[in-house]
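The file my_file-v3.tsv comes next; it holds TSV, C-alpha atoms.
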```tsv
chain	number	residue	atom	x	y	z
A	718	MET	CA	-9.45	16.19	-12.13
A	719	THR	CA	-10.65	13.92	-9.38
A	720	ASN	CA	-8.98	13.81	-5.98
A	721	PRO	CA	-9.19	10.28	-4.54
A	722	PHE	CA	-8.47	11.53	-1.02
A	723	GLN	CA	-11.35	14.02	-1.09
A	724	ASP	CA	-13.61	11.53	-2.90
A	725	GLN	CA	-13.12	8.94	-0.15
A	726	THR	CA	-13.59	11.54	2.58
A	727	ASN	CA	-16.87	12.63	0.97
A	728	PHE	CA	-18.02	9.02	0.62
A	729	MET	CA	-17.20	8.25	4.25
A	730	ARG	CA	-19.09	11.33	5.45
A	731	ALA	CA	-22.10	10.26	3.35
A	732	CYS	CA	-21.92	6.94	5.24
A	733	ASP	CA	-21.83	8.81	8.57
A	734	GLN	CA	-18.24	7.70	9.19
A	735	THR	CA	-15.64	9.82	10.95
A	736	THR	CA	-12.75	11.20	8.93
A	737	ASP	CA	-10.91	13.50	11.29
A	738	GLN	CA	-10.60	11.56	14.53
A	739	TYR	CA	-9.46	8.15	15.72
A	740	ASN	CA	-12.26	5.59	15.46
A	741	ILE	CA	-11.02	2.13	16.44
A	742	ASN	CA	-14.07	0.19	15.26
A	743	GLN	CA	-14.11	1.91	11.91
A	744	PHE	CA	-10.34	1.42	11.56
A	745	ILE	CA	-10.70	-2.33	12.23
A	746	MET	CA	-13.46	-2.51	9.60
A	747	TYR	CA	-11.17	-0.90	7.02
A	748	ILE	CA	-8.28	-3.21	7.90
A	749	LYS	CA	-10.59	-6.18	7.28
A	750	LEU	CA	-11.63	-4.62	3.97
A	751	ILE	CA	-7.97	-4.22	2.98
A	752	GLU	CA	-7.38	-7.91	3.74
A	753	GLU	CA	-10.45	-8.86	1.69
A	754	GLU	CA	-9.33	-6.74	-1.27
A	755	VAL	CA	-5.80	-8.21	-1.18
A	756	LYS	CA	-7.37	-11.68	-1.32
A	757	GLU	CA	-9.44	-10.60	-4.33
A	758	LEU	CA	-6.29	-9.20	-5.96
A	759	ARG	CA	-4.49	-12.52	-5.56
A	760	GLU	CA	-7.45	-14.38	-7.04
A	761	ALA	CA	-7.61	-11.98	-9.99
A	762	ILE	CA	-3.90	-12.42	-10.65
A	763	ASP	CA	-4.17	-16.21	-10.35
A	764	ASN	CA	-7.00	-16.10	-12.91
A	765	ASN	CA	-5.09	-13.72	-15.22
A	766	ASN	CA	-8.05	-11.34	-15.06
A	767	GLU	CA	-6.75	-7.85	-15.82
A	768	THR	CA	-10.10	-6.14	-15.19
A	769	GLU	CA	-10.50	-7.68	-11.74
A	770	THR	CA	-6.83	-7.01	-10.97
A	771	LEU	CA	-7.31	-3.32	-11.71
A	772	ASP	CA	-10.56	-3.26	-9.74
A	773	ALA	CA	-8.89	-4.85	-6.71
A	774	LEU	CA	-5.92	-2.46	-6.86
A	775	VAL	CA	-8.19	0.59	-6.92
A	776	ASP	CA	-10.35	-0.88	-4.15
A	777	ILE	CA	-7.19	-1.35	-2.06
A	778	LEU	CA	-6.38	2.34	-2.52
A	779	VAL	CA	-9.92	3.34	-1.52
A	780	VAL	CA	-10.06	1.24	1.64
A	781	THR	CA	-6.50	2.23	2.57
A	782	ILE	CA	-7.49	5.89	2.40
A	783	GLY	CA	-10.51	4.97	4.53
A	784	ALA	CA	-8.24	3.35	7.12
A	785	ILE	CA	-6.00	6.42	7.19
A	786	ASN	CA	-9.02	8.69	7.65
A	787	SER	CA	-10.24	6.37	10.40
A	788	ILE	CA	-7.19	7.16	12.51
A	789	GLY	CA	-7.72	10.87	11.98
A	790	ALA	CA	-4.64	11.31	9.80
A	791	ASP	CA	-4.25	13.46	6.70
A	792	ALA	CA	-3.98	10.89	3.88
A	793	GLU	CA	-3.24	13.44	1.18
A	794	GLY	CA	-0.62	15.18	3.31
A	795	ALA	CA	1.05	11.86	4.09
A	796	TRP	CA	1.03	10.97	0.39
A	797	LYS	CA	2.71	14.25	-0.51
A	798	GLU	CA	5.37	13.76	2.16
A	799	VAL	CA	6.17	10.22	1.02
A	800	MET	CA	6.32	11.28	-2.62
A	801	GLN	CA	8.56	14.23	-1.76
A	802	THR	CA	10.94	11.79	-0.06
A	803	ASN	CA	10.77	9.43	-3.04
A	804	PHE	CA	11.44	12.19	-5.58
A	805	ALA	CA	14.42	13.35	-3.53
A	806	LYS	CA	16.03	9.99	-4.36
A	807	ILE	CA	16.20	10.86	-8.08
A	808	ASN	CA	19.63	11.79	-9.40
A	809	SER	CA	19.32	15.23	-10.99
A	810	GLU	CA	21.93	14.39	-13.63
A	811	THR	CA	20.61	11.01	-14.77
A	812	GLY	CA	16.94	11.29	-13.85
A	813	LYS	CA	17.20	7.81	-12.36
A	814	VAL	CA	16.50	6.70	-8.80
A	815	LEU	CA	19.65	6.34	-6.74
A	816	LYS	CA	20.17	2.73	-5.69
A	817	ARG	CA	20.64	1.86	-2.04
A	818	ASP	CA	23.21	-0.69	-1.00
A	819	THR	CA	20.83	-2.15	1.56
A	820	TYR	CA	17.14	-2.90	1.63
A	821	TYR	CA	14.45	-4.86	3.43
A	822	ILE	CA	13.01	-8.04	1.97
A	823	TYR	CA	10.21	-10.30	3.04
A	824	ASN	CA	11.45	-13.56	4.55
A	825	THR	CA	8.80	-16.21	3.89
A	826	PHE	CA	10.38	-18.55	6.43
A	827	CYS	CA	9.75	-16.33	9.45
A	828	ASN	CA	7.00	-14.11	7.97
A	829	SER	CA	8.83	-10.87	8.60
A	830	TYR	CA	10.85	-8.22	6.87
A	831	GLU	CA	14.60	-8.46	7.22
A	832	PHE	CA	17.36	-5.95	6.62
A	833	CYS	CA	19.69	-7.33	3.95
A	834	TYR	CA	22.69	-6.21	1.99
A	835	GLN	CA	22.32	-6.01	-1.76
A	836	ASN	CA	22.91	-9.32	-3.58
A	837	THR	CA	23.43	-11.36	-0.40
A	838	TYR	CA	19.99	-12.95	-0.08
A	839	PRO	CA	17.99	-14.88	-2.67
A	840	ILE	CA	14.84	-12.92	-3.52
A	841	ASN	CA	11.64	-14.59	-4.61
A	842	TYR	CA	10.39	-12.05	-7.16
A	843	ASN	CA	7.08	-13.89	-7.46
A	844	TYR	CA	6.13	-13.27	-3.82
A	845	PRO	CA	3.28	-13.31	-2.83
A	846	TYR	CA	2.13	-15.09	-5.97
A	847	ASN	CA	4.07	-18.36	-5.63
```
How does the structure come out when it is put into structure tokens?
Amino acid sequence: MTNPFQDQTNFMRACDQTTDQYNINQFIMYIKLIEEEVKELREAIDNNNETETLDALVDILVVTIGAINSIGADAEGAWKEVMQTNFAKINSETGKVLKRDTYYIYNTFCNSYEFCYQNTYPINYNYPYN
């Protein structure tokens, strides 16, 4: 089975990129690549192109791992920690994720995330594809 974290680390090393220390220029490059891939994702979705949508989503994962490596962080370790936290939210009796009463949503009017109470704010479920 392939390990995307190790695959990206190997690819970056083959490109003479750092993977275990903070490299600001490399990090900025990966942030720009993430932005580019998100743009490609939106275009693929707008064109109803499933192949290009999948390609863009995987490319976003790859360049995100590259950005994480570029700050010297352990991408795989961070993934495991986040997933452990997510799995802890599953009710052992029902097997369903426990619902929170509050959450953050993206406010398109002020371009920021806001803390909201459940069912008190109209959500645009099509964001960012409207």
Nearest-residue call for A:Gln738, choices A:Val814, A:Asn786, A:Ala795, A:Ser809, using all atoms listed in the file: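 Of A:Val814, A:Asn786, A:Ala795, A:Ser809, the one nearest A:Gln738 is A:Asn786, counting all atoms listed in the file.
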Identify, on the basis of all atoms listed in the file, every residue whose closest approach to A:Ala790 does not exceed 10 Å; exclude the query and any residue fewer than 3 positions from it along the same chain; express the result as a list in words.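 So the residues in contact are Thr736, Asp737, Gln738, Tyr739, Ile782, Ala784, Ile785, Asn786, Ser787, Glu793, Gly794 and Ala795 of chain A.
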What does the distance from atom CA of A:Ala761 to atom CA of A:Leu778 come to in Å, to one decimal?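 Taking atom CA of A:Ala761 and atom CA of A:Leu778, their separation equals 16.2 Å.
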Quick check, in Å to one decimal: how far apart do atom CA of A:Leu771 and atom CA of A:Pro721 lie?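 It comes out at 15.5 Å.
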Write out as a PDB file with C-alpha atoms, in the frame of the given file the residues lying within 7 Å of stretch 743-748 of chain A, counting all atoms listed in the file and excluding same-chain residues fewer than 3 positions away.
```
ATOM      1  CA  ASN A 740     -12.260   5.590  15.460  1.00  0.00           C
ATOM      2  CA  ILE A 751      -7.970  -4.220   2.980  1.00  0.00           C
ATOM      3  CA  GLU A 752      -7.380  -7.910   3.740  1.00  0.00           C
ATOM      4  CA  VAL A 780     -10.060   1.240   1.640  1.00  0.00           C
ATOM      5  CA  GLY A 783     -10.510   4.970   4.530  1.00  0.00           C
ATOM      6  CA  ALA A 784      -8.240   3.350   7.120  1.00  0.00           C
ATOM      7  CA  SER A 787     -10.240   6.370  10.400  1.00  0.00           C
ATOM      8  CA  ILE A 788      -7.190   7.160  12.510  1.00  0.00           C
TER       9      ILE A 788
END
```
In terms of the shortest atom-to-atom distance over all atoms listed in the file, which of A:Phe722, A:Met729, A:Thr811, A:Arg759 is closest to A:Trp796?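 Answer, going by the shortest atom-to-atom distance: A:Phe722.
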How many Å separate atom CA of A:Val779 from atom CA of A:Gln734?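 So the two atoms, atom CA of A:Val779 and atom CA of A:Gln734, lie 14.2 Å apart.
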